[in-house]
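Colleague: If it helps, the file is called protein_19.tsv and holds TSV, C-alpha atoms:
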chain	number	residue	atom	x	y	z
A	1	MET	CA	51.92	75.11	-232.73
A	2	ALA	CA	54.16	72.29	-233.68
A	3	LYS	CA	55.76	70.43	-230.85
A	4	ARG	CA	59.27	71.60	-230.31
A	5	SER	CA	61.84	68.97	-230.91
A	6	ASN	CA	64.94	68.67	-228.74
A	7	GLU	CA	66.84	67.41	-231.76
A	8	PRO	CA	68.77	70.70	-232.32
A	9	PHE	CA	70.07	70.63	-228.74
A	10	LEU	CA	71.17	67.03	-229.04
A	11	TRP	CA	72.74	67.84	-232.38
A	12	SER	CA	74.83	70.66	-230.90
A	13	LEU	CA	76.19	68.21	-228.32
A	14	PHE	CA	76.73	65.71	-231.13
A	15	SER	CA	78.74	68.07	-233.32
A	16	SER	CA	80.90	69.60	-230.59
A	17	GLY	CA	81.60	66.13	-229.23
A	18	GLY	CA	82.47	64.92	-232.71
A	19	MET	CA	84.96	67.74	-233.12
A	20	ILE	CA	86.64	67.15	-229.76
A	21	ALA	CA	86.80	63.41	-230.40
A	22	ALA	CA	88.24	63.98	-233.87
A	23	LEU	CA	90.92	66.35	-232.58
A	24	MET	CA	92.07	64.60	-229.41
A	25	PHE	CA	91.04	60.95	-229.26
A	26	PRO	CA	93.46	59.55	-231.86
A	27	VAL	CA	96.54	60.89	-230.09
A	28	LEU	CA	95.28	59.90	-226.61
A	29	LEU	CA	94.31	56.39	-227.67
A	30	PHE	CA	97.57	55.95	-229.55
A	31	LEU	CA	99.57	56.93	-226.46
A	32	PHE	CA	97.60	55.22	-223.68
A	33	GLY	CA	96.25	52.27	-225.66
A	34	LEU	CA	99.24	51.36	-227.82
A	35	ALA	CA	102.47	53.30	-227.31
A	36	PHE	CA	102.65	53.06	-223.49
A	37	PRO	CA	101.42	49.46	-223.03
A	38	LEU	CA	103.64	48.17	-225.84
A	39	GLY	CA	106.65	50.04	-224.49
A	40	TRP	CA	107.22	52.20	-227.59
A	41	LEU	CA	107.25	55.23	-225.33
A	42	GLU	CA	107.77	55.52	-221.61
A	43	ALA	CA	104.49	56.17	-219.81
A	44	PRO	CA	104.31	59.31	-217.69
A	45	SER	CA	104.60	58.66	-213.97
A	46	TYR	CA	101.68	58.83	-211.57
A	47	GLU	CA	103.06	61.99	-210.00
A	48	ARG	CA	103.41	63.70	-213.35
A	49	LEU	CA	99.82	62.92	-214.40
A	50	LEU	CA	98.48	63.95	-211.03
A	51	SER	CA	100.30	67.28	-211.10
A	52	LEU	CA	98.93	67.81	-214.63
A	53	VAL	CA	95.30	67.18	-213.73
A	54	ARG	CA	95.60	69.40	-210.66
A	55	TYR	CA	95.52	72.45	-212.92
A	56	TRP	CA	91.96	73.68	-213.26
A	57	PRO	CA	92.21	74.50	-216.99
A	58	VAL	CA	93.38	70.91	-217.62
A	59	ARG	CA	90.45	69.58	-215.59
A	60	LEU	CA	88.05	71.71	-217.59
A	61	VAL	CA	89.44	70.34	-220.87
A	62	LEU	CA	89.27	66.80	-219.48
A	63	PHE	CA	85.66	67.34	-218.49
A	64	GLY	CA	84.79	68.39	-222.04
A	65	LEU	CA	86.84	65.50	-223.33
A	66	CYS	CA	84.97	62.96	-221.21
A	67	SER	CA	81.49	64.35	-221.62
A	68	LEU	CA	80.84	65.73	-225.10
A	69	PRO	CA	82.25	62.82	-227.12
A	70	LEU	CA	80.03	60.50	-225.07
A	71	PHE	CA	76.99	62.42	-226.33
A	72	HIS	CA	78.41	62.30	-229.82
A	73	GLY	CA	78.90	58.55	-229.59
A	74	ALA	CA	75.47	58.02	-228.02
A	75	HIS	CA	73.69	60.00	-230.74
A	76	ARG	CA	75.53	58.24	-233.52
A	77	PHE	CA	75.15	54.79	-232.03
A	78	ARG	CA	71.43	55.37	-231.55
A	79	PHE	CA	70.96	56.12	-235.22
A	80	THR	CA	73.25	53.28	-236.25
A	81	LEU	CA	70.85	50.90	-234.55
A	82	TYR	CA	67.90	52.78	-236.04
A	83	ASP	CA	69.08	52.95	-239.65
A	84	GLY	CA	71.58	50.14	-239.81
A	85	LEU	CA	69.91	47.34	-237.93
A	86	GLN	CA	66.42	48.86	-238.29
A	87	ILE	CA	65.53	48.38	-234.64
A	88	LYS	CA	62.74	50.95	-234.84
A	89	HIS	CA	60.28	49.47	-232.38
A	90	LEU	CA	62.80	49.89	-229.53
A	91	ASN	CA	63.51	53.51	-230.41
A	92	GLU	CA	62.62	54.98	-226.99
A	93	LEU	CA	64.45	52.32	-225.03
A	94	ILE	CA	67.59	52.74	-227.14
A	95	ALA	CA	67.45	56.53	-226.81
A	96	VAL	CA	67.16	56.30	-223.03
A	97	PHE	CA	70.02	53.79	-222.88
A	98	CYS	CA	72.31	55.83	-225.17
A	99	TYR	CA	71.78	59.31	-223.74
A	100	GLY	CA	71.49	57.83	-220.25
A	101	SER	CA	74.98	56.35	-220.50
A	102	ALA	CA	76.30	59.68	-221.77
A	103	ILE	CA	74.69	61.52	-218.85
A	104	ALA	CA	76.03	58.92	-216.41
A	105	GLY	CA	79.53	59.34	-217.89
A	106	THR	CA	79.26	63.12	-217.57
A	107	VAL	CA	78.20	62.94	-213.93
A	108	LEU	CA	81.00	60.46	-213.23
A	109	ALA	CA	83.55	62.71	-214.96
A	110	ALA	CA	82.40	65.73	-212.93
A	111	TYR	CA	82.58	63.71	-209.70
A	112	ILE	CA	86.04	62.31	-210.44
A	113	LEU	CA	87.50	65.62	-211.58
A	114	TRP	CA	86.05	67.45	-208.60
A	115	ASN	CA	87.56	64.95	-206.18
A	116	ILE	CA	91.10	64.85	-207.50
A	117	PRO	CA	93.33	65.09	-204.43
B	1	MET	CA	25.20	53.15	-245.03
B	2	LYS	CA	25.44	55.70	-242.27
B	3	ALA	CA	23.23	58.73	-242.57
B	4	THR	CA	25.76	61.24	-241.32
B	5	HIS	CA	29.06	61.70	-242.96
B	6	VAL	CA	32.00	60.69	-240.82
B	7	TYR	CA	35.38	62.01	-241.77
B	8	THR	CA	37.98	59.36	-241.83
B	9	PRO	CA	41.44	60.35	-242.88
B	10	TYR	CA	42.49	58.39	-245.88
B	11	ARG	CA	45.46	56.35	-244.93
B	12	PRO	CA	46.52	54.21	-247.78
B	13	LYS	CA	48.87	51.38	-247.03
B	14	TRP	CA	51.82	52.07	-249.20
B	15	TYR	CA	53.55	49.28	-250.90
B	16	ARG	CA	56.99	49.19	-249.46
B	17	LYS	CA	59.54	46.62	-250.20
B	18	ARG	CA	61.07	45.32	-246.99
B	19	VAL	CA	64.66	46.43	-246.75
B	20	SER	CA	67.02	43.76	-245.57
B	21	THR	CA	68.83	44.35	-242.27
B	22	TRP	CA	72.04	43.88	-244.18
B	23	TRP	CA	71.27	46.54	-246.84
B	24	TRP	CA	74.52	48.31	-246.11
B	25	THR	CA	76.64	45.35	-247.20
B	26	GLN	CA	75.40	45.64	-250.78
B	27	GLN	CA	77.33	48.77	-251.68
B	28	TRP	CA	80.77	50.02	-250.74
B	29	ARG	CA	79.38	53.52	-250.13
B	30	SER	CA	76.80	52.40	-247.62
B	31	PHE	CA	79.29	50.02	-246.01
B	32	LYS	CA	81.64	52.96	-245.45
B	33	PHE	CA	78.73	54.92	-243.99
B	34	ILE	CA	78.00	52.20	-241.44
B	35	LEU	CA	81.71	51.88	-240.64
B	36	ARG	CA	81.77	55.62	-239.98
B	37	GLU	CA	78.70	55.37	-237.77
B	38	LEU	CA	80.21	52.43	-235.88
B	39	SER	CA	83.17	54.64	-234.96
B	40	SER	CA	80.80	55.78	-232.19
B	41	VAL	CA	81.62	52.52	-230.37
B	42	ALA	CA	85.32	53.36	-230.51
B	43	VAL	CA	84.59	56.88	-229.25
B	44	GLY	CA	82.69	55.35	-226.33
B	45	TYR	CA	85.65	53.02	-225.65
B	46	CYS	CA	88.02	56.01	-225.56
B	47	GLY	CA	85.72	57.90	-223.22
B	48	ALA	CA	85.50	54.92	-220.88
B	49	ILE	CA	89.29	54.41	-220.84
B	50	LEU	CA	89.76	58.09	-220.08
B	51	LEU	CA	87.28	57.93	-217.20
B	52	VAL	CA	88.98	54.87	-215.70
B	53	LEU	CA	92.38	56.54	-216.06
B	54	LEU	CA	91.17	59.64	-214.22
B	55	TRP	CA	89.50	57.52	-211.58
B	56	SER	CA	92.74	55.57	-211.03
B	57	LEU	CA	94.56	58.89	-210.53
B	58	THR	CA	92.25	59.75	-207.65
B	59	GLN	CA	92.86	56.34	-206.05
B	60	GLY	CA	96.65	56.44	-205.83
B	61	PRO	CA	99.74	55.02	-207.57
B	62	GLU	CA	98.70	51.36	-207.13
B	63	ALA	CA	95.42	51.95	-208.95
B	64	TYR	CA	97.29	53.68	-211.77
B	65	ALA	CA	99.68	50.73	-212.02
B	66	THR	CA	96.72	48.32	-212.16
B	67	PHE	CA	95.15	50.44	-214.90
B	68	GLN	CA	98.39	50.26	-216.88
B	69	SER	CA	98.68	46.49	-216.44
B	70	TRP	CA	95.11	46.05	-217.72
B	71	LEU	CA	95.90	47.94	-220.88
B	72	LYS	CA	98.90	45.65	-221.42
B	73	THR	CA	96.75	42.52	-221.72
B	74	PRO	CA	96.34	41.19	-225.28
B	75	LEU	CA	92.58	41.75	-225.18
B	76	PHE	CA	92.98	45.47	-224.53
B	77	ILE	CA	95.84	45.80	-227.03
B	78	VAL	CA	93.62	44.31	-229.76
B	79	MET	CA	90.62	46.44	-228.75
B	80	SER	CA	92.76	49.57	-228.65
B	81	LEU	CA	94.22	48.79	-232.06
B	82	ILE	CA	90.78	48.34	-233.62
B	83	ALA	CA	89.41	51.41	-231.81
B	84	PHE	CA	92.42	53.43	-232.96
B	85	GLY	CA	91.63	52.58	-236.58
B	86	PHE	CA	88.03	53.65	-236.04
B	87	VAL	CA	88.83	56.95	-234.32
B	88	LEU	CA	91.29	57.77	-237.09
B	89	TYR	CA	88.53	57.07	-239.59
B	90	HIS	CA	86.19	59.26	-237.56
B	91	SER	CA	88.68	62.14	-237.56
B	92	ILE	CA	89.32	61.97	-241.30
B	93	THR	CA	85.63	61.72	-242.26
B	94	TRP	CA	84.74	64.45	-239.75
B	95	PHE	CA	87.34	66.90	-241.07
B	96	ASN	CA	86.37	66.21	-244.67
B	97	LEU	CA	82.73	66.84	-243.84
B	98	ALA	CA	83.33	70.47	-242.80
B	99	PRO	CA	83.58	71.91	-246.33
B	100	LYS	CA	80.40	70.06	-247.30
B	101	ALA	CA	78.46	71.27	-244.27
B	102	MET	CA	79.72	74.86	-244.47
B	103	PRO	CA	80.78	75.88	-247.97
B	104	VAL	CA	82.95	78.99	-247.69
B	105	ARG	CA	82.56	81.60	-250.42
B	106	VAL	CA	85.15	84.25	-251.13
B	107	GLY	CA	84.19	86.93	-253.64
B	108	GLY	CA	81.18	84.92	-254.81
B	109	LYS	CA	83.29	81.87	-255.59
B	110	ARG	CA	83.25	78.70	-253.60
B	111	LEU	CA	86.60	77.87	-252.07
B	112	PRO	CA	87.93	74.46	-253.03
B	113	GLU	CA	87.08	71.82	-250.44
B	114	TRP	CA	90.65	71.11	-249.42
B	115	MET	CA	91.12	74.76	-248.41
B	116	VAL	CA	88.24	74.50	-245.94
B	117	ALA	CA	89.34	71.12	-244.62
B	118	ALA	CA	93.03	72.06	-244.30
B	119	PRO	CA	92.66	74.19	-241.11
B	120	ASN	CA	91.03	71.18	-239.43
B	121	TYR	CA	94.05	69.04	-240.20
B	122	GLY	CA	96.34	71.84	-239.04
B	123	ALA	CA	94.48	72.04	-235.72
B	124	TRP	CA	94.61	68.25	-235.44
B	125	ILE	CA	98.41	68.17	-235.78
B	126	ALA	CA	98.89	71.15	-233.46
B	127	ILE	CA	96.62	69.78	-230.71
B	128	SER	CA	98.17	66.31	-230.94
B	129	ALA	CA	101.62	67.87	-230.54
B	130	VAL	CA	100.44	69.85	-227.51
B	131	VAL	CA	99.01	66.69	-225.90
B	132	VAL	CA	102.28	64.80	-226.44
B	133	TRP	CA	104.25	67.71	-225.05
B	134	PHE	CA	102.03	67.95	-221.97
B	135	LEU	CA	102.37	64.22	-221.28
B	136	LEU	CA	105.98	63.57	-222.25
B	137	GLY	CA	107.82	66.82	-222.87
B	138	GLY	CA	110.22	68.77	-220.70
B	139	LYS	CA	111.63	65.91	-218.65
Could you write out this structure as structure tokens?
Modeller:
Amino acid sequence: MAKRSNEPFLWSLFSSGGMIAALMFPVLLFLFGLAFPLGWLEAPSYERLLSLVRYWPVRLVLFGLCSLPLFHGAHRFRFTLYDGLQIKHLNELIAVFCYGSAIAGTVLAAYILWNIP
Amino acid sequence: MKATHVYTPYRPKWYRKRVSTWWWTQQWRSFKFILRELSSVAVGYCGAILLVLLWSLTQGPEAYATFQSWLKTPLFIVMSLIAFGFVLYHSITWFNLAPKAMPVRVGGKRLPEWMVAAPNYGAWIAISAVVVWFLLGGK
């Protein structure tokens, strides 16, 4: 029997993360990275954000938002190095680094969201 | 010569031209492909910013203020601007990919690509509006 590949599993994380990133990252980065710091729009207060993230549905969305796109980015970045820069001899190391960071980010997101006061 | 026959798999060394590391700069198409793939760095940047923002919320108002003052520094403004361009590019290429990955057929005919991609753009606008409303609306 052929060895089962875990590629399909990684690909499902890749595609769902890609969709979430495509739908929500532009607006979030525009607001928090450009519009608020440059004063185009008034940033929401600490209290407002805190009361928002206290809702469990919001936390669940935020967890998906923090975790899945990280896997998407990790998968894509891994193959960018593989195909683009042709770093093929370091394949394993790069895979561990990429997916490892995504897993670390996921654990961190779970920890932070669980411990919101 | 050996008396017994030993099977050795025939492994010819193929002649392969070495591809330059910079192969993707030769053609606009492949350059766009690498740009699209590099959007993964911007996605990682967004994820990291989001994590730090959430972390600052657990630490109190001072931490949130520090987070905001970081993002006001020129370095972060420039990085955010570049990353914003990349995530926009990611969104557009991602939405346009859907009709190619999943061709929809109605009555045996393939729907035009824009009709499959359009709901993605609709969802994009709707979700962005909801996010803005959650963060800024109803003051």
Colleague: Using only C-alpha atoms, pick whichever of B:Pro61, B:Ala123, B:Tyr45, B:Trp22 has the shortest atom-to-atom distance to B:Met79.
Modeller: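 Result for the nearest residue to B:Met79: B:Tyr45.
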Colleague: Check the smallest atom-to-atom distance from each of A:Phe77, A:Tyr82, A:Ser51, A:His89 to chain B using only C-alpha atoms, then report the winner.
Modeller: A:Phe77
Colleague: Considering all atoms listed in the file, give me a table of residues in chain B that are at most 7 Å from chain A, with the closest atom pair and distance in Å for each, as a Markdown table.
Modeller:
| residue | atom | partner | partner_atom | distance |
| --- | --- | --- | --- | --- |
| B:Thr21 | CA | A:Leu85 | CA | 5.4 |
| B:Ile34 | CA | A:Gly84 | CA | 6.9 |
| B:Glu37 | CA | A:Arg76 | CA | 6.0 |
| B:Leu38 | CA | A:Phe77 | CA | 6.8 |
| B:Ser40 | CA | A:Gly73 | CA | 4.2 |
| B:Val41 | CA | A:Gly73 | CA | 6.7 |
| B:Val43 | CA | A:Gly73 | CA | 5.9 |
| B:Gly44 | CA | A:Leu70 | CA | 5.9 |
| B:Cys46 | CA | A:Leu29 | CA | 6.6 |
| B:Gly47 | CA | A:Cys66 | CA | 5.5 |
| B:Leu50 | CA | A:Cys66 | CA | 6.9 |
| B:Leu51 | CA | A:Ala109 | CA | 6.5 |
| B:Leu54 | CA | A:Ile112 | CA | 6.9 |
| B:Trp55 | CA | A:Ile112 | CA | 6.0 |
| B:Leu57 | CA | A:Leu50 | CA | 6.4 |
| B:Thr58 | CA | A:Ile116 | CA | 5.2 |
| B:Pro61 | CA | A:Tyr46 | CA | 5.9 |
| B:Tyr64 | CA | A:Tyr46 | CA | 6.8 |
| B:Gln68 | CA | A:Pro37 | CA | 6.9 |
| B:Leu71 | CA | A:Pro37 | CA | 6.1 |
| B:Lys72 | CA | A:Pro37 | CA | 4.8 |
| B:Ile77 | CA | A:Leu34 | CA | 6.6 |
| B:Ser80 | CA | A:Gly33 | CA | 5.3 |
| B:Phe84 | CA | A:Pro26 | CA | 6.3 |
| B:Val87 | CA | A:Pro26 | CA | 5.9 |
| B:Leu88 | CA | A:Pro26 | CA | 5.9 |
| B:His90 | CA | A:Ala22 | CA | 6.3 |
| B:Ser91 | CA | A:Ala22 | CA | 4.1 |
| B:Trp94 | CA | A:Ala22 | CA | 6.9 |
| B:Trp124 | CA | A:Leu23 | CA | 5.0 |
| B:Ile127 | CA | A:Leu23 | CA | 6.9 |
| B:Ser128 | CA | A:Val27 | CA | 5.7 |
| B:Leu135 | CA | A:Pro44 | CA | 6.4 |
| B:Leu136 | CA | A:Pro44 | CA | 6.5 |
Colleague: In Å, with one decimal, what is the gap from atom CA of B:Arg36 to atom CA of B:Ala129?
Modeller: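 These atoms are spaced 25.2 Å apart.
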Colleague: So how far away is atom CA of B:Val116 from atom CA of B:Val104, in Å?
Modeller: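 Rounded to one decimal, the two atoms are 7.2 Å apart.
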Colleague: What is the atom CA of B:Val19 to atom CA of B:Phe31 distance in Å?
Modeller: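 Separation between atom CA of B:Val19 and atom CA of B:Phe31: 15.1 Å.
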